[in-house]
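Shown next: query07.txt, given as compact mmCIF, C-alpha atoms.
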```txt
# COMPACT_ATOMS: atom_id res chain seq x y z
CA MET A 1 0.00 0.00 0.00
CA ALA A 2 1.26 3.43 -0.88
CA THR A 3 1.20 6.00 1.89
CA THR A 4 0.58 9.57 0.77
CA THR A 5 0.08 12.27 3.33
CA ALA A 6 -1.28 15.76 2.86
CA ALA A 7 -0.67 18.31 5.59
CA ILE A 8 -1.88 21.87 5.96
CA THR A 9 -0.67 24.57 8.28
CA LEU A 10 -2.63 27.80 8.62
CA THR A 11 -1.07 30.62 10.58
CA SER A 12 -2.16 34.20 10.99
CA ASP A 13 -1.90 37.31 13.10
CA LEU A 14 -5.25 38.71 11.98
CA LEU A 15 -6.89 37.80 15.29
CA SER A 16 -6.04 39.24 18.68
CA ASP A 17 -4.36 35.95 19.49
CA ALA A 18 -2.22 33.85 17.19
CA LEU A 19 -4.05 31.53 14.82
CA SER A 20 -2.39 28.22 14.14
CA VAL A 21 -4.15 25.26 12.60
CA SER A 22 -2.31 22.14 11.50
CA THR A 23 -3.61 18.81 10.38
CA THR A 24 -2.46 15.87 8.31
CA THR A 25 -4.45 13.26 6.45
CA THR A 26 -3.31 10.07 4.86
CA CYS A 27 -4.96 9.78 1.47
CA MET A 28 -6.95 6.56 1.59
CA LYS A 29 -9.29 4.85 -0.82
CA ALA A 30 -12.97 5.44 -0.08
CA GLY A 31 -14.09 3.93 3.18
CA THR A 32 -10.82 2.27 4.10
CA ILE A 33 -8.15 2.91 6.71
CA ALA A 34 -5.43 0.68 5.40
CA ASP A 35 -5.60 1.02 1.64
CA GLY A 36 -3.94 4.18 0.35
CA LEU A 37 -4.48 5.86 -3.01
CA THR A 38 -2.09 4.32 -5.46
CA GLN A 39 -2.38 6.39 -8.63
CA MET A 40 -1.73 9.96 -9.60
CA ASP A 41 -1.79 12.27 -12.60
CA THR A 42 0.02 15.56 -12.70
CA GLY A 43 0.40 18.42 -15.11
CA TYR A 44 1.53 21.94 -15.81
CA ILE A 45 -0.28 24.31 -18.15
CA GLU A 46 -0.36 27.95 -19.07
CA ILE A 47 -3.80 29.49 -19.56
CA ALA A 48 -4.21 32.88 -21.17
CA THR A 49 -6.95 35.36 -20.39
CA GLY A 50 -10.32 34.16 -21.60
CA ASP A 51 -9.23 30.58 -22.14
CA VAL A 52 -11.43 27.90 -20.62
CA TYR A 53 -10.15 24.35 -20.10
CA ASP A 54 -11.19 21.19 -18.35
CA ILE A 55 -7.97 20.10 -16.72
CA LEU A 56 -9.43 16.96 -15.14
CA ASP A 57 -11.97 14.80 -16.91
CA ALA A 58 -14.45 12.91 -14.75
CA THR A 59 -15.55 10.59 -17.56
CA ALA A 60 -13.12 7.77 -16.93
CA LEU A 61 -12.88 7.99 -13.17
CA ASN A 62 -14.81 5.70 -10.93
CA LEU A 63 -17.59 7.71 -9.28
CA ASP A 64 -17.90 8.65 -5.63
CA LYS A 65 -14.37 7.77 -4.68
CA ALA A 66 -11.88 9.49 -2.39
CA ASN A 67 -9.96 11.26 -5.12
CA LYS A 68 -7.96 14.33 -4.11
CA VAL A 69 -7.06 17.29 -6.30
CA TYR A 70 -4.28 19.78 -5.75
CA ILE A 71 -4.15 22.89 -7.92
CA CYS A 72 -1.71 25.77 -7.59
CA ASN A 73 -1.54 29.03 -9.49
CA GLU A 74 2.19 29.49 -9.84
CA SER A 75 1.85 32.96 -11.35
CA THR A 76 3.61 35.76 -9.52
CA ASP A 77 1.65 38.78 -10.76
CA GLU A 78 -0.87 39.36 -7.99
CA THR A 79 -3.57 40.47 -10.45
CA TYR A 80 -3.55 37.14 -12.29
CA PHE A 81 -6.23 34.64 -11.40
CA VAL A 82 -8.30 31.76 -12.69
CA GLU A 83 -11.80 30.68 -11.80
CA VAL A 84 -12.09 27.04 -10.80
CA THR A 85 -15.20 25.11 -11.81
CA VAL A 86 -16.65 21.72 -11.00
CA LYS A 87 -19.28 20.65 -13.50
CA ALA A 88 -19.27 24.21 -14.81
CA GLU A 89 -20.13 25.53 -11.33
CA VAL A 90 -17.67 28.22 -10.29
CA ILE A 91 -16.42 27.40 -6.81
CA GLY A 92 -13.79 30.11 -6.41
CA SER A 93 -10.93 32.16 -7.77
CA LEU A 94 -7.35 31.03 -7.48
CA TYR A 95 -5.06 34.05 -7.46
CA ALA A 96 -1.33 34.12 -8.11
CA GLY A 97 0.40 32.04 -5.48
CA ASP A 98 -2.81 30.44 -4.20
CA TRP A 99 -3.32 26.71 -3.98
CA MET A 100 -6.27 24.46 -3.25
CA PHE A 101 -6.70 20.87 -2.13
CA ILE A 102 -10.14 19.30 -2.38
CA PRO A 103 -11.83 15.93 -2.51
CA TRP A 104 -13.29 15.20 -5.91
CA GLY A 105 -16.12 12.73 -6.12
CA ALA A 106 -16.48 12.90 -9.89
CA GLU A 107 -20.17 12.48 -9.15
CA SER A 108 -21.05 12.18 -12.81
CA ALA A 109 -19.28 11.93 -16.13
CA THR A 110 -19.66 15.69 -16.54
CA SER A 111 -18.23 16.66 -13.15
CA ASP A 112 -15.03 17.83 -14.80
CA ILE A 113 -12.73 20.28 -13.07
CA GLY A 114 -12.17 23.31 -15.23
CA LEU A 115 -10.29 26.57 -15.21
CA GLU A 116 -10.98 29.91 -16.83
CA ALA A 117 -8.21 32.49 -16.87
CA LYS A 118 -9.69 35.86 -16.01
CA THR A 119 -6.52 37.94 -16.06
CA GLY A 120 -3.06 37.26 -17.48
CA THR A 121 -1.40 34.08 -18.63
CA ASN A 122 -1.66 31.89 -15.55
CA LYS A 123 0.82 29.12 -14.81
CA ILE A 124 -1.04 26.23 -13.27
CA THR A 125 0.25 23.03 -11.73
CA TYR A 126 -2.17 20.29 -10.74
CA THR A 127 -2.09 16.80 -9.33
CA LEU A 128 -4.85 14.24 -9.02
CA PHE A 129 -4.52 11.37 -6.56
CA HIS A 130 -7.09 8.75 -7.44
CA GLU A 131 -8.30 5.17 -7.19
CA GLY A 132 -7.99 4.31 -10.82
CA ARG A 133 -9.73 5.04 -14.05
CA THR A 134 -11.31 3.19 -16.88
CA LEU A 135 -8.68 3.15 -19.56
CA THR A 136 -9.72 3.47 -23.18
CA ALA A 137 -8.36 0.86 -25.51
CA SER A 138 -6.29 2.29 -28.35
CA MET B 139 -1.51 44.39 7.66
CA ALA B 140 -2.41 40.92 8.80
CA THR B 141 -0.34 38.09 7.40
CA THR B 142 -2.12 34.78 6.93
CA THR B 143 -0.21 31.87 5.50
CA ALA B 144 -1.48 28.54 4.23
CA THR B 145 1.10 25.84 3.63
CA ILE B 146 0.49 22.43 2.14
CA THR B 147 2.88 19.52 2.16
CA ILE B 148 2.11 16.40 0.16
CA ALA B 149 4.53 13.59 0.71
CA SER B 150 4.95 9.96 -0.19
CA THR B 151 7.92 7.68 -0.15
CA ASP B 152 6.31 4.79 -1.96
CA LEU B 153 3.63 6.06 -4.34
CA LEU B 154 6.23 6.60 -7.05
CA SER B 155 9.58 4.97 -7.62
CA ASP B 156 11.15 8.14 -6.27
CA GLU B 157 10.10 10.18 -3.29
CA LEU B 158 7.24 12.62 -3.69
CA ALA B 159 7.64 15.82 -1.70
CA LEU B 160 5.52 18.80 -2.64
CA THR B 161 5.29 21.93 -0.56
CA SER B 162 3.51 25.15 -1.41
CA SER B 163 2.96 28.16 0.77
CA ALA B 164 0.48 30.92 -0.01
CA THR B 165 0.16 34.25 1.73
CA LEU B 166 -3.55 34.94 1.62
CA THR B 167 -4.22 38.35 0.12
CA THR B 168 -7.29 40.24 -0.97
CA ALA B 169 -8.31 39.80 -4.60
CA GLY B 170 -5.73 41.09 -7.03
CA THR B 171 -3.55 42.79 -4.42
CA ALA B 172 -0.62 42.18 -2.10
CA THR B 173 -2.70 43.24 0.90
CA GLY B 174 -3.41 40.51 3.39
CA VAL B 175 -6.94 39.36 4.12
CA THR B 176 -8.23 40.81 7.35
CA GLN B 177 -11.32 38.86 8.34
CA ALA B 178 -12.08 35.33 9.43
CA SER B 179 -14.98 33.42 10.83
CA GLY B 180 -12.96 31.57 13.43
CA LEU B 181 -12.32 27.90 13.57
CA SER B 182 -15.55 26.20 14.54
CA ARG B 183 -16.52 22.65 15.37
CA LYS B 184 -19.92 21.02 15.08
CA THR B 185 -21.34 17.55 15.58
CA THR B 186 -24.06 16.46 13.19
CA SER B 187 -26.68 13.83 13.88
CA ALA B 188 -30.21 12.88 12.90
CA ALA B 189 -32.92 10.63 14.28
CA SER B 190 -32.44 8.14 11.47
CA ALA B 191 -30.74 7.76 8.12
CA ALA B 192 -33.96 8.71 6.37
CA VAL B 193 -33.96 12.20 7.82
CA ILE B 194 -30.32 13.20 7.38
CA GLN B 195 -30.14 16.85 6.36
CA ALA B 196 -27.42 18.90 4.78
CA ASN B 197 -25.87 21.58 6.98
CA VAL B 198 -25.22 25.06 5.63
CA LEU B 199 -21.66 26.02 6.50
CA TYR B 200 -21.53 29.42 4.85
CA ARG B 201 -24.19 31.49 3.12
CA ALA B 202 -22.90 33.41 0.15
CA GLY B 203 -25.14 36.37 0.95
CA ASP B 204 -23.17 37.05 4.11
CA TYR B 205 -19.96 37.70 2.19
CA THR B 206 -18.73 39.73 -0.73
CA ALA B 207 -18.82 37.82 -3.99
CA GLU B 208 -15.88 37.22 -6.30
CA LYS B 209 -13.20 37.86 -3.72
CA ALA B 210 -10.24 35.80 -2.58
CA ASN B 211 -12.16 33.98 0.17
CA LYS B 212 -10.77 30.65 1.39
CA VAL B 213 -12.57 27.81 3.14
CA TYR B 214 -11.07 25.10 5.33
CA ILE B 215 -13.13 22.03 6.29
CA LYS B 216 -12.09 18.89 8.12
CA ASN B 217 -13.97 15.69 8.90
CA THR B 218 -12.73 14.68 12.34
CA SER B 219 -14.35 11.25 12.24
CA THR B 220 -12.13 8.24 12.81
CA THR B 221 -14.54 5.72 11.29
CA ALA B 222 -13.28 5.04 7.80
CA ALA B 223 -16.64 4.72 6.10
CA GLU B 224 -18.01 8.01 7.43
CA PHE B 225 -17.86 10.95 5.08
CA TYR B 226 -19.32 14.38 4.45
CA THR B 227 -20.43 15.26 0.94
CA VAL B 228 -19.41 18.85 0.29
CA THR B 229 -21.68 20.78 -2.06
CA ILE B 230 -21.64 24.24 -3.58
CA ASP B 231 -24.98 25.36 -4.94
CA GLN B 232 -26.41 22.07 -6.16
CA GLU B 233 -23.11 20.59 -7.28
CA PRO B 234 -21.38 17.98 -5.11
CA ILE B 235 -17.64 18.67 -5.02
CA GLY B 236 -16.49 15.53 -3.30
CA ARG B 237 -16.52 13.40 -0.20
CA LEU B 238 -14.47 14.21 2.87
CA TYR B 239 -13.72 10.86 4.45
CA ALA B 240 -12.63 10.32 8.02
CA GLY B 241 -9.66 12.53 8.83
CA ASP B 242 -9.70 14.27 5.46
CA TRP B 243 -9.46 18.03 5.11
CA MET B 244 -9.92 20.46 2.24
CA PHE B 245 -8.88 24.02 1.51
CA MET B 246 -10.38 25.87 -1.41
CA PRO B 247 -11.21 29.31 -2.76
CA TRP B 248 -14.85 30.37 -2.57
CA ILE B 249 -16.64 32.63 -5.04
CA ALA B 250 -19.59 33.41 -2.69
CA THR B 251 -22.02 34.27 -5.45
CA SER B 252 -25.28 35.17 -3.84
CA GLY B 253 -28.80 35.41 -5.22
CA THR B 254 -31.15 38.31 -4.57
CA LYS B 255 -33.17 38.95 -1.45
CA GLU B 256 -36.91 39.27 -1.39
CA THR B 257 -38.08 42.77 -0.53
CA PHE B 258 -41.36 44.60 -0.09
CA VAL B 259 -42.71 47.87 1.24
CA VAL B 260 -45.69 48.02 3.57
CA SER B 261 -47.40 51.31 4.41
CA ALA B 262 -49.58 52.14 7.41
CA THR B 263 -52.77 53.50 5.87
CA GLY B 264 -56.18 54.70 7.01
CA THR B 265 -56.89 55.59 10.61
CA VAL B 266 -54.91 53.69 13.19
CA ALA B 267 -56.08 53.44 16.78
CA ALA B 268 -54.32 52.36 19.95
CA GLY B 269 -54.49 48.58 20.13
CA ASP B 270 -54.57 47.98 16.39
CA SER B 271 -51.85 45.57 15.35
CA TRP B 272 -49.99 44.02 12.45
CA ASP B 273 -48.37 40.60 12.59
CA PHE B 274 -45.66 39.35 10.27
CA ASP B 275 -42.86 36.78 10.54
CA GLY B 276 -44.19 35.80 13.95
CA VAL B 277 -43.74 39.30 15.31
CA THR B 278 -46.72 41.41 16.38
CA THR B 279 -46.61 45.18 16.59
CA VAL B 280 -49.37 46.88 18.59
CA SER B 281 -50.08 50.54 18.03
CA ALA B 282 -49.61 52.74 21.07
CA ASP B 283 -51.48 55.74 19.63
CA ALA B 284 -53.38 57.03 16.62
CA THR B 285 -50.41 58.19 14.55
CA LEU B 286 -49.58 56.21 11.41
CA ASN B 287 -45.94 57.26 11.34
CA ASN B 288 -45.50 56.18 14.95
CA PHE B 289 -46.96 52.79 14.13
CA ALA B 290 -44.62 52.41 11.18
CA ALA B 291 -41.71 53.35 13.44
CA ALA B 292 -42.84 50.70 15.92
CA VAL B 293 -42.99 48.08 13.18
CA ASN B 294 -39.48 49.06 12.14
CA ALA B 295 -38.19 48.88 15.72
CA LYS B 296 -39.04 45.21 16.03
CA THR B 297 -36.47 42.50 15.37
CA TYR B 298 -37.62 39.99 12.76
CA PRO B 299 -36.01 36.54 12.53
CA ASN B 300 -35.96 36.48 8.74
CA TRP B 301 -36.07 40.14 7.70
CA THR B 302 -34.36 43.47 8.17
CA THR B 303 -36.28 46.74 7.99
CA ALA B 304 -36.00 50.43 7.24
CA VAL B 305 -38.66 53.11 7.76
CA SER B 306 -39.60 56.31 5.97
CA SER B 307 -42.67 58.15 7.32
CA ALA B 308 -45.46 55.54 7.28
CA ALA B 309 -43.67 53.12 4.93
CA VAL B 310 -41.54 50.23 6.14
CA THR B 311 -39.24 48.38 3.76
CA PHE B 312 -38.65 44.71 4.54
CA THR B 313 -35.65 42.88 3.11
CA ALA B 314 -35.04 39.18 3.59
CA ARG B 315 -31.93 38.33 5.59
CA TYR B 316 -30.96 35.66 3.06
CA ALA B 317 -31.24 35.45 -0.68
CA GLY B 318 -33.84 33.06 -1.93
CA ALA B 319 -37.18 32.47 -3.56
CA ALA B 320 -38.93 31.97 -0.24
CA GLY B 321 -42.36 32.68 -1.68
CA VAL B 322 -43.30 35.34 0.87
CA VAL B 323 -43.37 38.00 -1.82
CA THR B 324 -45.84 36.69 -4.35
CA GLY B 325 -46.13 39.76 -6.53
CA THR B 326 -45.26 43.41 -6.74
CA THR B 327 -48.07 44.22 -4.31
CA ALA B 328 -48.71 40.95 -2.51
CA ILE B 329 -47.13 38.93 0.26
CA THR B 330 -48.23 35.99 2.33
CA GLY B 331 -48.33 35.60 6.09
CA ASP B 332 -49.29 39.01 7.43
CA THR B 333 -52.33 39.77 9.56
CA VAL B 334 -53.91 43.14 10.36
CA THR B 335 -56.08 43.61 13.43
CA ASP B 336 -58.24 46.72 13.21
CA LEU B 337 -59.91 46.89 16.61
CA ALA B 338 -61.68 50.20 16.08
CA ASP B 339 -62.89 49.23 12.62
CA SER B 340 -61.41 52.46 11.39
CA ASN B 341 -60.19 51.20 8.04
CA PHE B 342 -56.65 50.71 9.28
CA THR B 343 -54.71 48.68 6.73
CA MET B 344 -51.11 47.76 5.94
CA PRO B 345 -51.11 47.41 2.16
CA ILE B 346 -48.06 46.18 0.29
CA THR B 347 -47.13 49.01 -2.01
CA SER B 348 -44.27 47.29 -3.83
CA GLY B 349 -42.35 44.06 -3.74
CA ALA B 350 -39.89 41.88 -5.57
CA ALA B 351 -39.33 38.15 -5.28
CA GLY B 352 -35.81 36.86 -4.65
CA THR B 353 -33.61 34.27 -6.26
CA ARG B 354 -31.70 31.49 -4.56
CA SER B 355 -28.06 31.80 -3.65
CA GLU B 356 -25.73 30.22 -6.16
CA SER B 357 -22.86 29.19 -3.95
CA ASP B 358 -23.83 28.42 -0.39
CA ILE B 359 -21.53 25.74 0.99
CA THR B 360 -23.31 22.75 2.50
CA ILE B 361 -22.16 19.41 3.84
CA ARG B 362 -24.22 16.28 4.24
CA PRO B 363 -23.13 13.54 6.65
CA SER B 364 -23.18 9.96 5.39
CA VAL B 365 -24.61 8.56 8.62
CA HIS B 366 -27.20 9.74 11.12
CA THR B 367 -25.04 8.97 14.13
CA ASP B 368 -22.67 11.58 15.50
CA MET B 369 -20.09 12.94 13.11
CA THR B 370 -18.02 16.05 13.73
CA TYR B 371 -16.53 18.58 11.38
CA GLU B 372 -14.36 21.64 11.80
CA CYS B 373 -14.34 24.61 9.48
CA MET B 374 -13.02 28.10 9.04
CA LEU B 375 -13.57 30.86 6.49
CA ILE B 376 -10.97 33.49 5.72
CA HIS B 377 -12.53 36.32 3.77
CA GLU B 378 -12.49 39.92 2.69
```
Please go through the file and, once you have read it, give me the structure as structure tokens.
Amino acid sequence: MATTTAAITLTSDLLSDALSVSTTTTCMKAGTIADGLTQMDTGYIEIATGDVYDILDATALNLDKANKVYICNESTDETYFVEVTVKAEVIGSLYAGDWMFIPWGAESATSDIGLEAKTGTNKITYTLFHEGRTLTAS
Amino acid sequence: MATTTATITIASTDLLSDELALTSSATLTTAGTATGVTQASGLSRKTTSAASAAVIQANVLYRAGDYTAEKANKVYIKNTSTTAAEFYTVTIDQEPIGRLYAGDWMFMPWIATSGTKETFVVSATGTVAAGDSWDFDGVTTVSADATLNNFAAAVNAKTYPNWTTAVSSAAVTFTARYAGAAGVVTGTTAITGDTVTDLADSNFTMPITSGAAGTRSESDITIRPSVHTDMTYECMLIHE
């Protein structure tokens, strides 16, 4: 079994006392505690203003699994950002330097994860940790 | 300026033939600037449960109408369960994003696109007498005298569970606290659920002089537990 851990640390001085939140999860297959995710896809793309892409296609994934998606906007110009969509539903804007890490159920074949560059040519890295996909014969 | 930092580390020594070690750190800033975000709804923790599996309900974590849309908001959610099969389904609008299994966490940007709030204007009209009343949203206002403007001011002074108000002379404007097509405003001059009591039979009325129906929010964040027994989540919103 592969063991993949994802840890987050949130720190801030925006409150009157220090904020510090840390947690780690081991990325497991759905409903298991001893069977880690064993497959991953990764990529790097540049998306220019106005371009709309599905970077992760739900079609071939098994539905309702414990997939995890990491996306980072590696741009450095603070005005650059992309909108992130799941099944064409905008969930949020990823600005230069921002990252996100979400579960992705791929609830239906059209639950693709997409990006639309709103400003600038955004440099995007992404990684999908998953339980396997249905491969298409060549 | 507040400095808020979110750091992720993804690591594996055996997923690939070589070690995987990914670390990214983001300083959370307001949209399109280098200025740090300054507001947060603090880390909260809640246990969900229901009487049976058949009556499990989704919980609203954050309502888009409470926040400014299209900003650099960030949401953190964790399922603290230790039972492997227990998960929360995280949904934005009507679209399921994914399942947070036991111990899993997520961190994502949030667009917070709201709908529109229902609104209507009601005007104290006719001849009001002490003891006349108007009831709406479970709140009853009783007139203390025979002055219409005073009655409107009294209506405005009440606290309504689902509405905010503003007053101008004898007219009170009601605005729903949350966006949605709640069905209270049924037309430009009609609402449901209000009751006038005209004790002196003096033609005291509270007609609706204008109104507009609302539309549902498009990005409220909800989570639905997979089981009806106790499950606990933690969450935090960092916003503008």
What residues in chain B have any atom no more than 8 Å from chain A when counting all atoms listed in the file, and can you write them as a VMD selection string?
-> chain B and resid 140 to 153 162 to 166 169 to 172 176 to 177 208 to 211 222 to 224 230 233 to 239 241 to 250 357
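Between Leu56 in chain A and the candidates A:Asp41, A:Asp17, A:Glu131, A:Glu116, the tightest atom-to-atom separation, counting all atoms listed in the file, involves A:Asp41.
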Provide the CA of Phe225 in chain B to CA of Lys184 in chain B distance in Å, to one decimal place.
->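 Computed distance, CA of Phe225 in chain B to CA of Lys184 in chain B, equals 14.3 Å.
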Between CA of Val365 in chain B and CA of Asp35 in chain A, measure the distance and give it in Å to one decimal.
->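 So the answer is 21.6 Å.
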Shell around Thr347 in chain B at 12 Å using only C-alpha atoms, local window under 2 positions removed, as a list in words | Thr257, Phe258, Val259, Val260, Ser261, Ala262, Thr263, Ala308, Ala309, Val310, Thr311, Phe312, Val323, Gly325, Thr326, Thr327, Ala328, Ile329, Thr343, Met344, Pro345, Gly349 and Ala350 of chain B
Neighbour residues at most 12 Å from (-38.3, 38.3, 4.1) (only C-alpha atoms) as a tab-separated table (two decimals) with C-alpha atoms, in the coordinates of the input:
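In the end it all went to result.tsv:
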```tsv
chain	number	residue	atom	x	y	z
B	254	THR	CA	-31.15	38.31	-4.57
B	255	LYS	CA	-33.17	38.95	-1.45
B	256	GLU	CA	-36.91	39.27	-1.39
B	257	THR	CA	-38.08	42.77	-0.53
B	258	PHE	CA	-41.36	44.60	-0.09
B	259	VAL	CA	-42.71	47.87	1.24
B	274	PHE	CA	-45.66	39.35	10.27
B	275	ASP	CA	-42.86	36.78	10.54
B	276	GLY	CA	-44.19	35.80	13.95
B	298	TYR	CA	-37.62	39.99	12.76
B	299	PRO	CA	-36.01	36.54	12.53
B	300	ASN	CA	-35.96	36.48	8.74
B	301	TRP	CA	-36.07	40.14	7.70
B	302	THR	CA	-34.36	43.47	8.17
B	303	THR	CA	-36.28	46.74	7.99
B	311	THR	CA	-39.24	48.38	3.76
B	312	PHE	CA	-38.65	44.71	4.54
B	313	THR	CA	-35.65	42.88	3.11
B	314	ALA	CA	-35.04	39.18	3.59
B	315	ARG	CA	-31.93	38.33	5.59
B	316	TYR	CA	-30.96	35.66	3.06
B	317	ALA	CA	-31.24	35.45	-0.68
B	318	GLY	CA	-33.84	33.06	-1.93
B	319	ALA	CA	-37.18	32.47	-3.56
B	320	ALA	CA	-38.93	31.97	-0.24
B	321	GLY	CA	-42.36	32.68	-1.68
B	322	VAL	CA	-43.30	35.34	0.87
B	323	VAL	CA	-43.37	38.00	-1.82
B	324	THR	CA	-45.84	36.69	-4.35
B	329	ILE	CA	-47.13	38.93	0.26
B	330	THR	CA	-48.23	35.99	2.33
B	331	GLY	CA	-48.33	35.60	6.09
B	332	ASP	CA	-49.29	39.01	7.43
B	349	GLY	CA	-42.35	44.06	-3.74
B	350	ALA	CA	-39.89	41.88	-5.57
B	351	ALA	CA	-39.33	38.15	-5.28
B	352	GLY	CA	-35.81	36.86	-4.65
```
Which residue gives the smallest distance to Ala267 in chain B among B:Thr185, B:Thr161, B:Gln232, B:Thr335, with only C-alpha atoms counted?
-> B:Thr335
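Take the candidates B:Ile361, B:Leu160, B:Lys296, B:Ser271 and check each one against Tyr126 in chain A using only C-alpha atoms; the shortest distance goes to B:Leu160.
CA of Arg201 in chain B is positioned 18.2 Å from CA of Lys216 in chain B.
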